[in-house]
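What follows is the content of data-v8.cif, which has mmCIF, C-alpha atoms:
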```cif
data_data
loop_
_atom_site.label_atom_id
_atom_site.label_comp_id
_atom_site.auth_asym_id
_atom_site.auth_seq_id
_atom_site.Cartn_x
_atom_site.Cartn_y
_atom_site.Cartn_z
CA VAL X 39 -27.02 -19.67 4.80
CA ALA X 40 -30.36 -20.92 3.60
CA CYS X 41 -30.30 -24.56 2.50
CA ALA X 42 -33.07 -26.52 0.93
CA PRO X 43 -32.72 -29.76 -1.00
CA PRO X 44 -33.56 -29.55 -4.69
CA GLN X 45 -37.04 -31.00 -5.23
CA PRO X 46 -38.50 -30.82 -8.72
CA ALA X 47 -42.30 -30.92 -8.70
CA PHE X 48 -42.42 -34.13 -10.75
CA HIS X 49 -39.79 -36.13 -8.78
CA ARG X 50 -39.73 -37.33 -5.18
CA SER X 51 -36.35 -37.08 -3.48
CA ALA X 52 -34.72 -40.28 -2.39
CA PRO X 53 -33.56 -40.46 1.26
CA GLY X 54 -29.95 -40.28 0.02
CA ASP X 55 -30.65 -37.00 -1.78
CA LEU X 56 -31.94 -35.40 1.40
CA ALA X 57 -28.90 -36.61 3.38
CA MET X 58 -26.56 -35.23 0.70
CA ALA X 59 -28.35 -31.87 0.73
CA ARG X 60 -27.99 -31.72 4.53
CA ARG X 61 -24.25 -32.43 4.26
CA ILE X 62 -23.80 -29.71 1.65
CA CYS X 63 -25.74 -27.27 3.82
CA LEU X 64 -23.62 -28.11 6.86
CA LEU X 65 -20.37 -27.72 4.89
CA SER X 66 -21.55 -24.35 3.55
CA LEU X 67 -22.39 -23.19 7.05
CA LEU X 68 -19.01 -24.35 8.39
CA GLY X 69 -17.25 -22.57 5.52
CA SER X 70 -19.07 -19.33 6.36
CA VAL X 71 -18.08 -19.61 10.02
CA GLY X 72 -14.46 -20.29 9.02
CA ALA X 73 -14.40 -17.22 6.77
CA PHE X 74 -15.82 -15.09 9.61
CA VAL X 75 -13.18 -16.33 12.06
CA ALA X 76 -10.39 -15.78 9.53
CA ALA X 77 -11.58 -12.22 8.86
CA ALA X 78 -11.70 -11.45 12.59
CA THR X 79 -8.22 -12.85 13.29
CA PRO X 80 -5.39 -10.28 13.30
CA ARG X 81 -2.62 -10.72 10.75
CA SER X 82 0.59 -12.24 11.95
CA VAL X 83 4.08 -12.60 10.58
CA ALA X 84 3.74 -16.39 10.84
CA PHE X 85 0.96 -16.52 8.23
CA LEU X 86 0.99 -13.82 5.61
CA GLY X 87 -0.39 -15.61 2.57
CA ARG X 88 0.24 -14.28 -0.93
CA GLU X 89 -0.94 -10.74 -0.21
CA GLY X 90 1.08 -10.48 3.00
CA ALA X 91 4.25 -11.79 1.39
CA SER X 92 4.57 -8.54 -0.55
CA MET X 93 4.06 -6.62 2.71
CA GLY X 94 7.15 -7.95 4.48
CA ARG X 95 10.52 -6.39 5.23
CA ALA X 96 12.41 -8.39 2.58
CA ALA X 97 9.92 -7.44 -0.16
CA VAL X 98 10.16 -3.73 0.72
CA GLU X 99 13.96 -3.79 0.79
CA ALA X 100 14.03 -5.66 -2.54
CA ARG X 101 11.72 -3.06 -4.10
CA ILE X 102 13.95 -0.22 -2.87
CA GLN X 103 17.04 -1.93 -4.30
CA GLN X 104 15.24 -2.48 -7.61
CA LEU X 105 14.34 1.22 -7.81
CA ARG X 106 17.96 2.19 -7.00
CA ALA X 107 19.17 -0.07 -9.84
CA GLU X 108 16.66 1.43 -12.28
CA ASN X 109 17.54 5.06 -11.47
CA PRO X 110 20.92 6.17 -10.10
CA HIS X 111 19.31 9.46 -8.94
CA PHE X 112 16.79 7.63 -6.75
CA SER X 113 17.64 8.02 -3.05
CA GLU X 114 16.13 9.06 0.25
CA GLU X 115 17.60 12.55 -0.17
CA THR X 116 16.39 13.15 -3.74
CA CYS X 117 12.91 11.85 -2.92
CA ALA X 118 12.68 13.98 0.23
CA THR X 119 13.69 17.05 -1.78
CA MET X 120 11.13 16.28 -4.49
CA PHE X 121 8.36 15.78 -1.93
CA GLN X 122 9.30 18.99 -0.06
CA THR X 123 8.85 20.84 -3.34
CA GLN X 124 5.53 19.10 -3.90
CA VAL X 125 4.28 20.20 -0.46
CA LYS X 126 5.53 23.74 -1.03
CA LEU X 127 3.77 23.94 -4.41
CA GLY X 128 0.68 22.09 -3.16
CA GLY X 129 0.69 19.77 -6.16
CA PRO X 130 2.86 18.16 -8.82
CA VAL X 131 6.53 19.06 -9.11
CA PRO X 132 8.06 20.51 -12.29
CA PRO X 133 9.30 17.78 -14.65
CA LYS X 134 12.97 18.67 -14.11
CA GLU X 135 12.56 18.05 -10.34
CA TYR X 136 10.69 14.77 -10.69
CA VAL X 137 12.62 11.70 -9.45
CA LYS X 138 11.55 8.39 -10.97
CA GLY X 139 10.81 5.78 -8.30
CA CYS X 140 9.89 8.08 -5.42
CA ASN X 141 6.14 7.76 -5.91
CA ASP X 142 6.51 4.00 -6.38
CA VAL X 143 8.43 3.48 -3.15
CA CYS X 144 6.08 5.70 -1.18
CA ASP X 145 3.02 3.92 -2.58
CA THR X 146 4.59 0.59 -1.56
CA LEU X 147 5.35 1.91 1.93
CA LYS X 148 1.84 3.31 2.34
CA THR X 149 0.40 -0.06 1.33
CA VAL X 150 2.56 -1.77 3.96
CA LYS X 151 1.54 0.77 6.63
CA ASP X 152 -2.14 0.42 5.71
CA TYR X 153 -1.93 -3.38 5.67
CA TRP X 154 -0.24 -3.77 9.05
CA GLY X 155 -1.81 -0.75 10.76
CA SER X 156 0.43 -0.90 13.83
CA GLY X 157 3.25 -2.97 15.25
CA GLU X 158 6.76 -3.71 14.07
CA MET X 159 6.07 -3.71 10.31
CA ALA X 160 4.04 -0.50 10.48
CA LYS X 161 6.94 1.16 12.35
CA PHE X 162 9.34 -0.21 9.73
CA ALA X 163 7.22 1.33 6.94
CA CYS X 164 6.92 4.62 8.83
CA GLY X 165 10.70 4.78 9.22
CA HIS X 166 11.14 4.57 5.47
CA ILE X 167 8.23 6.97 4.88
CA SER X 168 10.09 9.49 7.03
CA ASP X 169 13.46 8.79 5.35
CA PHE X 170 12.00 9.30 1.86
CA GLY X 171 9.85 12.26 2.98
CA CYS X 172 6.81 10.64 1.40
CA VAL X 173 3.65 12.56 0.60
CA TRP X 174 0.64 11.48 -1.45
CA VAL X 175 -1.68 13.44 -3.69
CA THR X 176 -5.31 12.41 -3.29
CA ALA X 177 -8.50 13.35 -5.08
CA GLU X 178 -10.14 14.20 -1.74
CA ARG X 179 -8.00 17.24 -0.97
CA VAL X 180 -5.73 19.80 -2.55
CA ALA X 181 -2.71 19.59 -0.23
CA PRO X 182 -0.62 16.40 -0.31
CA VAL X 183 -1.11 13.91 2.55
CA THR X 184 1.99 13.58 4.75
CA GLY X 185 3.37 10.61 6.64
CA LYS X 186 2.35 12.26 9.89
CA GLU X 187 -1.25 12.41 8.70
CA LEU X 188 -0.98 8.74 7.79
CA GLY X 189 -0.17 7.97 11.41
CA CYS X 190 3.62 7.81 11.24
#
```

Write out the structure in this file as structure tokens.
Amino acid sequence: VACAPPQPAFHRSAPGDLAMARRICLLSLLGSVGAFVAAATPRSVAFLGREGASMGRAAVEARIQQLRAENPHFSEETCATMFQTQVKLGGPVPPKEYVKGCNDVCDTLKTVKDYWGSGEMAKFACGHISDFGCVWVTAERVAPVTGKELGC
């Protein structure tokens, strides 16, 4: 952080201006150090913040229940069947075999797995990824990405 007090060419700074500029510089430097420490600190269940709140067990279970309510055909079994077909075909499933909600739940679970990386919540997400038989289509490759390839 580079700090220099503002000094117009036609005005001499008062001693108070220089002291204020030093305080602002110090606060900026401390804020940068705080951001670095926060970025280097591993996530914990105790402090999730707004982003982490949607990555918790209760939020995942609520999303699954919401998808069940929206589509009576949505289940672990129907999603697993749809994704098995997707892997077999190497791409999208025929419209009559598509199950609304399966991609949504798997995207949510992948986000949770990616966010936590490892530990209890990552295992929780992987358990559901396995139950739903999740796979993801990416632009980087032709074949869908499986939960095993995700690290589950």

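Among X:Gln104, X:Lys126, X:Lys134, X:Phe121, the residue with the shortest atom-to-atom distance to Ile167 in chain X, counting only C-alpha atoms, is X:Phe121.
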
*Kindly resolve the PyMOL selection byres ((chain X and resi 189) around 9) on the present coordinates and return the residues as a list in words.*
Lys151, Gly155, Cys164, Thr184, Gly185, Lys186, Glu187, Leu188 and Cys190 of chain X

Got time to write the residues from that selection, C-alpha atoms, as a PDB file, in the coordinates of the input?
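Full text of again-v9.pdb as output:
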```
ATOM      1  CA  LYS X 151       1.540   0.770   6.630  1.00  0.00           C
ATOM      2  CA  GLY X 155      -1.810  -0.750  10.760  1.00  0.00           C
ATOM      3  CA  CYS X 164       6.920   4.620   8.830  1.00  0.00           C
ATOM      4  CA  THR X 184       1.990  13.580   4.750  1.00  0.00           C
ATOM      5  CA  GLY X 185       3.370  10.610   6.640  1.00  0.00           C
ATOM      6  CA  LYS X 186       2.350  12.260   9.890  1.00  0.00           C
ATOM      7  CA  GLU X 187      -1.250  12.410   8.700  1.00  0.00           C
ATOM      8  CA  LEU X 188      -0.980   8.740   7.790  1.00  0.00           C
ATOM      9  CA  CYS X 190       3.620   7.810  11.240  1.00  0.00           C
TER      10      CYS X 190
END
```

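With distances taken over all atoms listed in the file, X:His166 is the one residue among X:His166, X:Lys148, X:Lys161, X:Lys138 lying closest to Glu99 in chain X.
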
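Taking CA of Phe112 in chain X and CA of Cys144 in chain X as endpoints, the distance between them is 12.2 Å.
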
*Determine, counting only C-alpha atoms, which protein, DNA and RNA residues have an atom within 12 Å of an atom of Thr116 in chain X; residues of the same chain fewer than 6 positions away are not included. Present the result as a PyMOL selection string.*
chain X and resi 106+109-110+122-123+135-141+169-172

*Can you work out the spacing between CA of Arg179 in chain X and CA of Ala163 in chain X in Å, to one decimal?*
23.4 Å
